[in-house]
Amino acid sequence: MKVNRFLKDTIGYLRIGLIALLMQGCSSFEQDFSRSPIGDINILMDKSEYDVVQLEKLNISVTINIPPGKTGRYAYRWKAMTNDAVYILSDKKDLDTIIDLPPQQYNIQYTVTDLDNGLEFNKHLFLTVNGAFYEGWLVSHNLGGKGKLSFIRADDAVFPDPVGQANNLSFPENLKASFYTQVSYQVKYASIASFTGTEIFRFDPNTFKLTGKSEEVFMSPNGYGGLAWDGGLGRVDQYFINNGEIHVGMGDFYPNEILKPYTPGLGGDYNLFPAVISSSLYNTFFYDNKYKRFLVAPAFARTLAVAANGSNTTLNIFNMSNVGKTMIAAEKGRVSSSSSVFYCVMEDNDGRYVMGINNLDPNLYQKVTDSQCPDFSKAKLFTASGLFQHMYYAVDNKIYLYNIVANSAELLYSFPSSQVITDIEIKRKTSKTLAVSTWDGTSGNFNLFEINDLGKFVDAAPKKVFGNLGHIIHISNK
Amino acid sequence: MWNWSIILLMNKLMNTRKYIFFVGLLFAMAACKKQNTILFEGAERVSFFIGEYDVDSTSYTFAFDPIKKERDTLFLKMRIQGRTQDRPRTIKVKPGLGTTAVLGEDFLMPEVLLPADSVTINYPVILINTPKMETQALRIVAEVAASEDFLPGGQGLTIGGTKAINSYKIWVSNKPERPVYWDDVEYDFGPFSATRIRFMISVLGISDFSYDTIGAYGTFTYPVILRNALVKYEAANGPLIDEFGERVTF
């Protein structure tokens, strides 16, 4: 009975305790909404988006409005962020620093930390870092048996010797050519390749820092000459032609391997003209001046085969497997996402011809006569428009415009007779600028002509002239 | 009478309910006790481990080494089952049932020390190139043996997708045998023959042409190097004919 009594009392107490807890839970809570100011600050800047050229100074002044009564003890931090990296730019209130970030877009986070209470105040900005050598002309020129690579930027800034500046390096002999090699959409693996007769140098295109040479770039080279490069329309393989041979590099499918050395020459009984005819997505053509026919490399292939005859509808234009003429030039014309047009200048005992290839098939064959196209039979320097069916060619000191449809040409400009044109190249991005290099026996000039909607020069003289160069041997566009 | 009996029974039941309620309260309070973490207790063990889809055997031949080797080492992955210790511990492996190679003559299985605080180790099986391997493939069954520190481990699939095993088979020879990976690279290098692979080794200076080793770059680039080398070889010696009477090409 005593146990029973004890249990009864215990349960009674527990019930009373439970009721007390319930009543306490229902009581009103006196909430306090009063607050003391935390010292919000206001960060003001001129803009929220900034562009800067790599290695140049960026200055961003900041105005900070501090609430009354604050002492103003703050710390500052400028951070540049990408998806996979964070860079600290400065710990000063205003940004005043040389930007040595890799060229790309960044989110900038500016943080002001109140040292009294640890609160952080942030402001976000956007920063685009353009490479110092973001766009322009690679000009390979020689003087006194030594080569030099100059860069003429799109805004006309001239970098006479970026290779020397970046690497304390001078080319030991004359340059043969320089190329900007970028497989489309793989700018991260782009490079600049410069060739002398015996050596290849590979540079980072943003800094001109040397990234490789010799067999780091090219397997089993045997001297350099007759050079051409193209990343292929389908971006599957990249091709270098050197001394009549073809060397193949890895493409877009294996981006991490793009900068690995090109293959040795594929080996075969041919003598390739230095042109990569990337007219088709998955078949790239080459021309064999030995057996005077087109050869083809399908995507991923490491062998060349004789090109097919073309489709039935184009067989009557010309037979790609048996052309019977010597190639003088091959220039890229209009390009679409799936094909491009190439104009090939050919020669046989009867004169010269322009033959076109579009995608996989011939699409043009016409004889070109000097009566309609002055000096055409002597021309060695050609370039084609990406907008119009036009080619430009140069002979001695003269530049001509060849209208492919009309099969006629006209003189556009004559340099003084003391000057000889050494190379011409159209700016592929717009087809509205023609670069022409000249040599007067002692120094070279680099000339830029503006092209109008008819394909002719806008001005009666070069729009821009850059002098004090050596004998310009090769121009290419970056 | 009947009614009084029911009332007495119900009163008894009520009292019983109070007892149950009280005991329940005591259990509930006891349930709040902090639980101790369960720790591993048992013998320290060690086993070989392989990938979930890997097989428990491999083959090795001295025949494809660019430079003739007198011995080579094959490493087997081992992992402990149990706690790490702050002292080195001994691991022993012994030849198991079915071994046709002779311990001390064709191969060695040294006693190794698992470094302090380590979980895994690559166990070295030392293979010795003996003349009989030129005519026959010998089998070595590597079995985990008990040591003063470890017993053979438990077997089976483990968390993380690896398999623990206690024996691993190695076929060792000096015969030019078709590597197990050749199917993967046959498109790039052509049908297997000893003549072909010996030529490849002499030109490229490597003997492992598996995709894992040479990558996409190798499968695209090495055939060009081989083709060019073969042109030079044929210019000096004529066509390279393999042991099946087929001309080697790349």
# chains A, B, ... in the order shown; residues from 1 in each chain; ligands from 1

call {"tool": "residues_around", "arguments": {"residues": "range 158-160 of chain A", "least_positions_apart": "4", "cutoff": "12 Å", "atoms": "only C-alpha atoms", "output": "list in words"}}
result
Ala132, Phe133, Glu135, Gly136, Trp137, Leu138, Val139, Ser140, His141, Gly147, Lys148, Leu149, Ser150, Phe151, Ile152, Arg153, Ala154, Gly164, Gln165, Ala166, Thr207, Phe208, Phe446, Val465, Phe466, Gly467, Asn468, Leu469 and Gly470 of chain A

call {"tool": "write_last_selection", "arguments": {"atoms": "N, CA and C atoms", "output": "CSV table (one decimal), in the first residue's frame"}}
result
chain,number,residue,atom,x,y,z
A,132,ALA,N,48.0,42.0,-73.6
A,132,ALA,CA,48.7,43.2,-74.2
A,132,ALA,C,48.8,43.0,-75.7
A,133,PHE,N,48.8,41.7,-76.1
A,133,PHE,CA,49.0,41.5,-77.6
A,133,PHE,C,47.7,40.8,-78.0
A,135,GLU,N,45.3,41.6,-80.3
A,135,GLU,CA,45.0,41.5,-81.7
A,135,GLU,C,45.9,42.3,-82.5
A,136,GLY,N,46.4,41.8,-83.6
A,136,GLY,CA,47.3,42.7,-84.4
A,136,GLY,C,48.0,41.8,-85.4
A,137,TRP,N,49.1,42.3,-85.9
A,137,TRP,CA,49.9,41.7,-86.9
A,137,TRP,C,51.2,41.2,-86.4
A,138,LEU,N,51.5,39.9,-86.8
A,138,LEU,CA,52.8,39.4,-86.5
A,138,LEU,C,53.7,39.7,-87.8
A,139,VAL,N,54.7,40.4,-87.6
A,139,VAL,CA,55.6,40.8,-88.7
A,139,VAL,C,57.0,40.2,-88.5
A,140,SER,N,57.3,39.2,-89.4
A,140,SER,CA,58.6,38.6,-89.3
A,140,SER,C,59.5,39.3,-90.3
A,141,HIS,N,60.6,39.8,-89.8
A,141,HIS,CA,61.5,40.6,-90.7
A,141,HIS,C,63.0,40.3,-90.3
A,147,GLY,N,66.9,37.5,-87.5
A,147,GLY,CA,65.4,37.7,-87.6
A,147,GLY,C,64.9,38.5,-86.4
A,148,LYS,N,63.7,39.1,-86.6
A,148,LYS,CA,63.0,39.8,-85.5
A,148,LYS,C,61.5,39.6,-85.8
A,149,LEU,N,60.8,39.4,-84.7
A,149,LEU,CA,59.4,39.3,-84.8
A,149,LEU,C,58.8,40.6,-84.1
A,150,SER,N,58.1,41.4,-84.9
A,150,SER,CA,57.5,42.6,-84.3
A,150,SER,C,56.0,42.4,-84.3
A,151,PHE,N,55.3,43.1,-83.3
A,151,PHE,CA,53.9,43.0,-83.2
A,151,PHE,C,53.3,44.3,-83.3
A,152,ILE,N,52.4,44.5,-84.3
A,152,ILE,CA,51.7,45.8,-84.5
A,152,ILE,C,50.3,45.6,-84.1
A,153,ARG,N,49.9,46.2,-82.9
A,153,ARG,CA,48.6,45.9,-82.3
A,153,ARG,C,47.5,46.6,-83.1
A,154,ALA,N,46.3,46.1,-82.9
A,154,ALA,CA,45.2,46.7,-83.6
A,154,ALA,C,45.0,48.2,-83.4
A,164,GLY,N,62.3,39.5,-77.7
A,164,GLY,CA,63.5,39.9,-77.0
A,164,GLY,C,63.2,40.4,-75.6
A,165,GLN,N,62.2,41.2,-75.5
A,165,GLN,CA,61.8,41.8,-74.2
A,165,GLN,C,61.4,40.7,-73.2
A,166,ALA,N,60.6,39.8,-73.7
A,166,ALA,CA,60.0,38.8,-72.8
A,166,ALA,C,61.0,37.7,-72.4
A,207,THR,N,51.9,36.8,-73.9
A,207,THR,CA,53.1,37.4,-73.2
A,207,THR,C,54.4,37.3,-74.1
A,208,PHE,N,54.4,36.5,-75.1
A,208,PHE,CA,55.5,36.2,-76.0
A,208,PHE,C,56.6,35.5,-75.2
A,446,PHE,N,55.8,48.5,-93.2
A,446,PHE,CA,54.6,47.7,-93.1
A,446,PHE,C,53.4,48.7,-93.3
A,465,VAL,N,51.4,53.6,-92.1
A,465,VAL,CA,52.7,53.1,-92.5
A,465,VAL,C,53.6,52.9,-91.3
A,466,PHE,N,54.2,51.8,-91.1
A,466,PHE,CA,55.1,51.5,-90.0
A,466,PHE,C,56.4,51.2,-90.6
A,467,GLY,N,57.4,52.1,-90.3
A,467,GLY,CA,58.7,51.9,-90.9
A,467,GLY,C,59.8,51.4,-90.0
A,468,ASN,N,61.0,51.6,-90.4
A,468,ASN,CA,62.2,51.1,-89.6
A,468,ASN,C,62.2,49.7,-89.3
A,469,LEU,N,61.7,48.9,-90.2
A,469,LEU,CA,61.7,47.4,-90.1
A,469,LEU,C,62.8,46.8,-91.0
A,470,GLY,N,63.1,45.6,-90.8
A,470,GLY,CA,64.0,44.9,-91.7
A,470,GLY,C,63.2,44.4,-92.9

call {"tool": "closest_atom_pairs", "arguments": {"of": "chain A", "to": "chain B", "cutoff": "10 Å", "atoms": "only C-alpha atoms", "output": "Markdown table"}}
result
| residue | atom | partner | partner_atom | distance |
| --- | --- | --- | --- | --- |
| A:Val3 | CA | B:Tyr19 | CA | 9.4 |
| A:Asn4 | CA | B:Asn15 | CA | 7.3 |
| A:Leu7 | CA | B:Lys18 | CA | 7.0 |
| A:Lys8 | CA | B:Lys18 | CA | 7.8 |
| A:Thr10 | CA | B:Phe22 | CA | 8.7 |
| A:Ile11 | CA | B:Phe22 | CA | 8.1 |
| A:Met219 | CA | B:Ile225 | CA | 9.0 |
| A:Ser220 | CA | B:Ile225 | CA | 9.2 |
| A:His247 | CA | B:Val224 | CA | 9.8 |
| A:Val248 | CA | B:Thr221 | CA | 8.5 |
| A:Gly249 | CA | B:Thr221 | CA | 8.6 |
| A:Met250 | CA | B:Tyr217 | CA | 7.3 |
| A:Phe253 | CA | B:Ala216 | CA | 9.7 |
| A:Tyr254 | CA | B:Ala216 | CA | 7.6 |
| A:Asn256 | CA | B:Tyr217 | CA | 9.8 |
| A:Glu257 | CA | B:Tyr217 | CA | 6.7 |
| A:Ile258 | CA | B:Tyr217 | CA | 9.3 |
| A:Lys260 | CA | B:Tyr217 | CA | 8.0 |
| A:Pro261 | CA | B:Thr221 | CA | 9.1 |
| A:Tyr262 | CA | B:Thr221 | CA | 8.1 |
| A:Thr263 | CA | B:Thr221 | CA | 5.7 |
| A:Pro264 | CA | B:Ile225 | CA | 6.6 |
| A:Gly265 | CA | B:Val224 | CA | 7.8 |
| A:Leu266 | CA | B:Val224 | CA | 6.0 |
| A:Gly267 | CA | B:Asn228 | CA | 6.4 |
| A:Gly268 | CA | B:Asn228 | CA | 9.4 |
| A:Phe300 | CA | B:Phe220 | CA | 7.8 |
| A:Ala301 | CA | B:Phe220 | CA | 8.2 |
| A:Arg302 | CA | B:Val224 | CA | 6.8 |
| A:Thr303 | CA | B:Val224 | CA | 8.3 |

call {"tool": "residues_around", "arguments": {"residues": "Ser337 in chain A", "least_positions_apart": "2", "cutoff": "10 Å", "atoms": "only C-alpha atoms", "output": "ChimeraX atom specification"}}
result
/A:233-234,280-281,335,339-340

call {"tool": "write_last_selection", "arguments": {"atoms": "C-alpha atoms", "output": "CSV table (one decimal), in the first residue's frame"}}
result
chain,number,residue,atom,x,y,z
A,233,LEU,CA,37.7,23.6,-90.3
A,234,GLY,CA,36.5,20.8,-88.1
A,280,SER,CA,35.6,20.8,-95.5
A,281,LEU,CA,34.8,19.9,-91.9
A,335,VAL,CA,33.8,30.6,-94.8
A,339,SER,CA,32.5,24.6,-95.4
A,340,SER,CA,34.8,27.2,-97.0

call {"tool": "residues_around", "arguments": {"residues": "Phe388 in chain A", "least_positions_apart": "4", "cutoff": "8 Å", "atoms": "only C-alpha atoms", "output": "PyMOL selection string"}}
result
chain A and resi 333-334+455

call {"tool": "residues_around", "arguments": {"residues": "Ile50 in chain B", "least_positions_apart": "3", "cutoff": "7 Å", "atoms": "only C-alpha atoms", "output": "number ranges by chain"}}
result
B: 54, 162-164

call {"tool": "write_last_selection", "arguments": {"atoms": "N, CA and C atoms", "output": "short mmCIF file (atom, residue, chain, number, x, y, z; two decimals), in the first residue's frame"}}
result
data_model
loop_
_atom_site.label_atom_id
_atom_site.label_comp_id
_atom_site.auth_asym_id
_atom_site.auth_seq_id
_atom_site.Cartn_x
_atom_site.Cartn_y
_atom_site.Cartn_z
N ASP B 54 38.49 -5.47 -61.55
CA ASP B 54 39.79 -6.04 -61.91
C ASP B 54 39.78 -7.54 -61.64
N THR B 162 36.33 -1.44 -54.00
CA THR B 162 37.50 -2.28 -54.22
C THR B 162 37.22 -3.65 -53.62
N LYS B 163 38.03 -4.61 -54.07
CA LYS B 163 37.85 -5.97 -53.56
C LYS B 163 39.07 -6.35 -52.74
N ALA B 164 38.83 -6.93 -51.56
CA ALA B 164 39.93 -7.45 -50.74
C ALA B 164 40.08 -8.92 -51.06
#

call {"tool": "residues_around", "arguments": {"residues": "Leu295 in chain A", "least_positions_apart": "4", "cutoff": "6 Å", "atoms": "only C-alpha atoms", "output": "list in words"}}
result
Phe285, Phe286, Tyr287, Ala305, Val306 and Ala307 of chain A

call {"tool": "residues_around", "arguments": {"residues": "Phe273 in chain A", "least_positions_apart": "5", "cutoff": "10 Å", "atoms": "only C-alpha atoms", "output": "PyMOL selection string"}}
result
chain A and resi 226-228+241-246+286-290+292+326-330

call {"tool": "select_by_dssp", "arguments": {"residues": "range 97-224 of chain A", "states": "helix (DSSP H, G or I)", "output": "JSON, numbers by chain"}}
result
{"A": [162, 163, 164, 165, 166, 167, 187, 188, 189, 214, 215, 216]}

call {"tool": "select_by_dssp", "arguments": {"residues": "range 76-182 of chain B", "states": "strand (DSSP E)", "output": "PyMOL selection string"}}
result
chain B and resi 76-81+89-95+107-108+112-114+120-128+138-145+151-152+156-158+162-165+167-173

call {"tool": "write_last_selection", "arguments": {"atoms": "C-alpha atoms", "output": "mmCIF file, in the first residue's frame"}}
result
data_model
loop_
_atom_site.group_PDB
_atom_site.id
_atom_site.type_symbol
_atom_site.label_atom_id
_atom_site.label_comp_id
_atom_site.auth_asym_id
_atom_site.auth_seq_id
_atom_site.Cartn_x
_atom_site.Cartn_y
_atom_site.Cartn_z
ATOM 1 C CA LEU B 76 50.791 -5.778 -55.562
ATOM 2 C CA LYS B 77 48.594 -3.346 -53.656
ATOM 3 C CA MET B 78 47.942 -4.261 -50.020
ATOM 4 C CA ARG B 79 45.734 -2.640 -47.404
ATOM 5 C CA ILE B 80 45.325 -3.266 -43.692
ATOM 6 C CA GLN B 81 42.042 -4.092 -41.984
ATOM 7 C CA ARG B 89 54.621 -3.558 -38.807
ATOM 8 C CA THR B 90 55.720 -6.648 -40.666
ATOM 9 C CA ILE B 91 53.862 -8.021 -43.671
ATOM 10 C CA LYS B 92 54.569 -11.482 -45.024
ATOM 11 C CA VAL B 93 53.488 -13.057 -48.299
ATOM 12 C CA LYS B 94 54.086 -16.682 -49.230
ATOM 13 C CA PRO B 95 53.721 -18.837 -52.376
ATOM 14 C CA PHE B 107 60.978 -15.202 -57.754
ATOM 15 C CA LEU B 108 61.362 -13.668 -54.303
ATOM 16 C CA VAL B 112 58.292 -5.911 -45.870
ATOM 17 C CA LEU B 113 57.569 -3.309 -43.227
ATOM 18 C CA LEU B 114 54.383 -1.306 -43.338
ATOM 19 C CA THR B 120 48.352 0.763 -47.778
ATOM 20 C CA ILE B 121 51.607 -0.458 -49.260
ATOM 21 C CA ASN B 122 52.814 -1.775 -52.615
ATOM 22 C CA TYR B 123 54.152 -5.237 -51.978
ATOM 23 C CA PRO B 124 57.126 -6.139 -54.262
ATOM 24 C CA VAL B 125 57.178 -9.541 -55.917
ATOM 25 C CA ILE B 126 60.642 -9.833 -57.446
ATOM 26 C CA LEU B 127 60.652 -11.818 -60.689
ATOM 27 C CA ILE B 128 63.877 -13.430 -61.821
ATOM 28 C CA LEU B 138 55.366 -20.172 -64.642
ATOM 29 C CA ARG B 139 52.642 -19.484 -62.142
ATOM 30 C CA ILE B 140 53.127 -17.694 -58.861
ATOM 31 C CA VAL B 141 50.261 -17.592 -56.401
ATOM 32 C CA ALA B 142 50.980 -14.846 -53.893
ATOM 33 C CA GLU B 143 49.188 -15.496 -50.604
ATOM 34 C CA VAL B 144 49.007 -13.315 -47.541
ATOM 35 C CA ALA B 145 50.810 -15.083 -44.710
ATOM 36 C CA LEU B 151 46.679 -12.145 -39.991
ATOM 37 C CA PRO B 152 45.285 -12.661 -43.506
ATOM 38 C CA GLY B 156 35.125 -9.416 -50.485
ATOM 39 C CA LEU B 157 33.812 -6.155 -51.884
ATOM 40 C CA THR B 158 34.587 -3.151 -49.739
ATOM 41 C CA THR B 162 37.502 -2.281 -54.220
ATOM 42 C CA LYS B 163 37.852 -5.967 -53.558
ATOM 43 C CA ALA B 164 39.929 -7.448 -50.736
ATOM 44 C CA ILE B 165 41.568 -10.743 -51.680
ATOM 45 C CA SER B 167 45.778 -14.474 -53.068
ATOM 46 C CA TYR B 168 46.890 -13.076 -56.407
ATOM 47 C CA LYS B 169 48.144 -15.027 -59.419
ATOM 48 C CA ILE B 170 51.060 -13.966 -61.601
ATOM 49 C CA TRP B 171 52.011 -15.712 -64.830
ATOM 50 C CA VAL B 172 55.625 -14.982 -65.622
ATOM 51 C CA SER B 173 57.543 -15.931 -68.739
#

call {"tool": "atom_distance", "arguments": {"atom1": "CA of Gln85 in chain B", "atom2": "CA of Gly154 in chain B"}}
result
19.2 Å

call {"tool": "atom_distance", "arguments": {"atom1": "CA of Thr100 in chain B", "atom2": "CA of Met133 in chain B"}}
result
11.3 Å
